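Colleague: Here it is: the structure, laid out below.
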Amino acid sequence: YKVSSPLPGTIKKINVSVGATVKAGDCLMIMEAMKMDNNIVSEKGGVVKAIHVKEGDSILQGDTLVELA
């Protein structure tokens with residue numbers, strides 16, 4: 001399961017690490033877009049398999065941020 005960016009912005013803070021177990025509704029990272037902080041939450045539970053961004057990265061809408069197994 002891939003978590004994608006809902007809109008363009010900048011990654012401000014990453015709250016998870018590879019191997020972490022998350023459940024639906026957990027905040028994976030905080031993204032700044034249009035001068036507002038947006039929580040990127042997991043829609044499903046799972047284990048973090050890969051994180052494709054780092055703090056400070058500029059991202060586009062639809063970019064894959066995190067992969068869950």
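In the structure tokens, chains take letters A, B, ... by order of appearance, with residues numbered from 1 within each chain and ligands from 1 in the order shown.
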Show which residues sit within 8 Å of Gly56 of chain A, as a list in words. Count only C-alpha atoms, and ignore same-chain residues fewer than 5 positions away.
Modeller: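 What passes the distance filter is Thr10, Ile11 and Lys12 of chain A.
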Colleague: Just write the chosen residues, all heavy atoms, as a PDB file, in the first residue's frame.
Modeller:
ATOM      1  N   THR A  10       5.968  20.895   0.912  1.00  0.00           N
ATOM      2  CA  THR A  10       7.294  20.594   1.443  1.00  0.00           C
ATOM      3  C   THR A  10       7.133  19.720   2.687  1.00  0.00           C
ATOM      4  O   THR A  10       6.294  19.999   3.542  1.00  0.00           O
ATOM      5  CB  THR A  10       8.029  21.901   1.833  1.00  0.00           C
ATOM      6  OG1 THR A  10       8.065  22.756   0.698  1.00  0.00           O
ATOM      7  CG2 THR A  10       9.445  21.621   2.289  1.00  0.00           C
ATOM      8  N   ILE A  11       7.961  18.687   2.794  1.00  0.00           N
ATOM      9  CA  ILE A  11       7.920  17.807   3.966  1.00  0.00           C
ATOM     10  C   ILE A  11       8.552  18.543   5.141  1.00  0.00           C
ATOM     11  O   ILE A  11       9.697  18.987   5.070  1.00  0.00           O
ATOM     12  CB  ILE A  11       8.690  16.488   3.702  1.00  0.00           C
ATOM     13  CG1 ILE A  11       8.082  15.734   2.522  1.00  0.00           C
ATOM     14  CG2 ILE A  11       8.711  15.628   4.974  1.00  0.00           C
ATOM     15  CD1 ILE A  11       6.635  15.334   2.700  1.00  0.00           C
ATOM     16  N   LYS A  12       7.782  18.683   6.218  1.00  0.00           N
ATOM     17  CA  LYS A  12       8.245  19.432   7.383  1.00  0.00           C
ATOM     18  C   LYS A  12       8.782  18.502   8.466  1.00  0.00           C
ATOM     19  O   LYS A  12       9.810  18.780   9.068  1.00  0.00           O
ATOM     20  CB  LYS A  12       7.076  20.265   7.915  1.00  0.00           C
ATOM     21  CG  LYS A  12       7.477  21.412   8.783  1.00  0.00           C
ATOM     22  CD  LYS A  12       6.292  22.343   9.010  1.00  0.00           C
ATOM     23  CE  LYS A  12       6.690  23.490   9.893  1.00  0.00           C
ATOM     24  NZ  LYS A  12       5.550  24.346  10.199  1.00  0.00           N
TER      25      LYS A  12
END
Colleague: Residues at most 10 Å from Cys27 of chain A, counting only C-alpha atoms, excluding those fewer than 6 positions away in the same chain, as a ChimeraX atom specification?
Modeller: /A:14-16,38-43
Colleague: Find the residues near Gly45 of chain A: any atom within 6 Å, counting only C-alpha atoms, skip ones fewer than 2 places away on the same chain, and give them as a PyMOL selection string.
Modeller: chain A and resi 22-24
Colleague: Please write the residues from the selection above to a file, keeping N, CA and C atoms, as a CSV table (one decimal), in the first residue's frame.
Modeller:
chain,number,residue,atom,x,y,z
A,22,VAL,N,2.2,0.9,12.0
A,22,VAL,CA,1.3,2.0,12.1
A,22,VAL,C,-0.1,1.4,12.0
A,23,LYS,N,-1.1,2.2,12.5
A,23,LYS,CA,-2.5,1.8,12.3
A,23,LYS,C,-3.2,2.9,11.6
A,24,ALA,N,-4.4,2.5,11.0
A,24,ALA,CA,-5.2,3.5,10.3
A,24,ALA,C,-5.4,4.7,11.1
Colleague: Skip Thr64 of chain A itself and residues of its chain fewer than 3 positions away, then list as a list of chain:residue names all residues within 9 Å of it, counting only C-alpha atoms.
Modeller: A:Lys2, A:Val3, A:Ser4, A:Ser5, A:Ile51, A:His52, A:Val53, A:Gln61, A:Glu67
Colleague: Which distance in Å separates atom CA of Asp63 of chain A and atom CA of Gly9 of chain A, to one decimal?
Modeller: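 Rounded to one decimal, the two atoms are 10.6 Å apart.
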Colleague: From the options A:Met31, A:Asp37, A:Lys44, A:Ala20, which residue's atoms come nearest to Ser58 of chain A, counting only C-alpha atoms?
Modeller: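 Of A:Met31, A:Asp37, A:Lys44, A:Ala20, the one nearest Ser58 of chain A is A:Met31, counting only C-alpha atoms.
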Colleague: Pick out the closest residue to Asp57 of chain A from this set: A:Met36, A:Gly19, A:Gly25, A:Ile30. Count only C-alpha atoms.
Modeller: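 Using only C-alpha atoms, Asp57 of chain A sits closest to A:Ile30.
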Colleague: Could you pull out the residues in chain A that DSSP calls strand (DSSP E) from the backbone, as a ChimeraX atom specification?
Modeller: /A:2-4,9-14,21-22,27-33,36-41,46-51,58-59,64-68
Colleague: With only C-alpha atoms as the basis for distance, which of A:Leu65, A:Lys13, A:Asp26, A:Pro8 is at the shortest distance from Ala50 of chain A?
Modeller: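 Under the stated criterion, the closest residue is A:Leu65.
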Colleague: For a test of reading the model, state the distance in Å between atom CA of Ala33 of chain A and atom CA of Glu55 of chain A, rounded to one decimal.
Modeller: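 Going from atom CA of Ala33 of chain A over to atom CA of Glu55 of chain A covers 13.8 Å.
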Colleague: Choose the residue, out of A:Glu32, A:Gly46, A:Tyr1, A:Ser17, that has the smallest atom-to-atom separation from Leu60 of chain A; count only C-alpha atoms.
Modeller: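 So, comparing all the options, the nearest one is A:Glu32.
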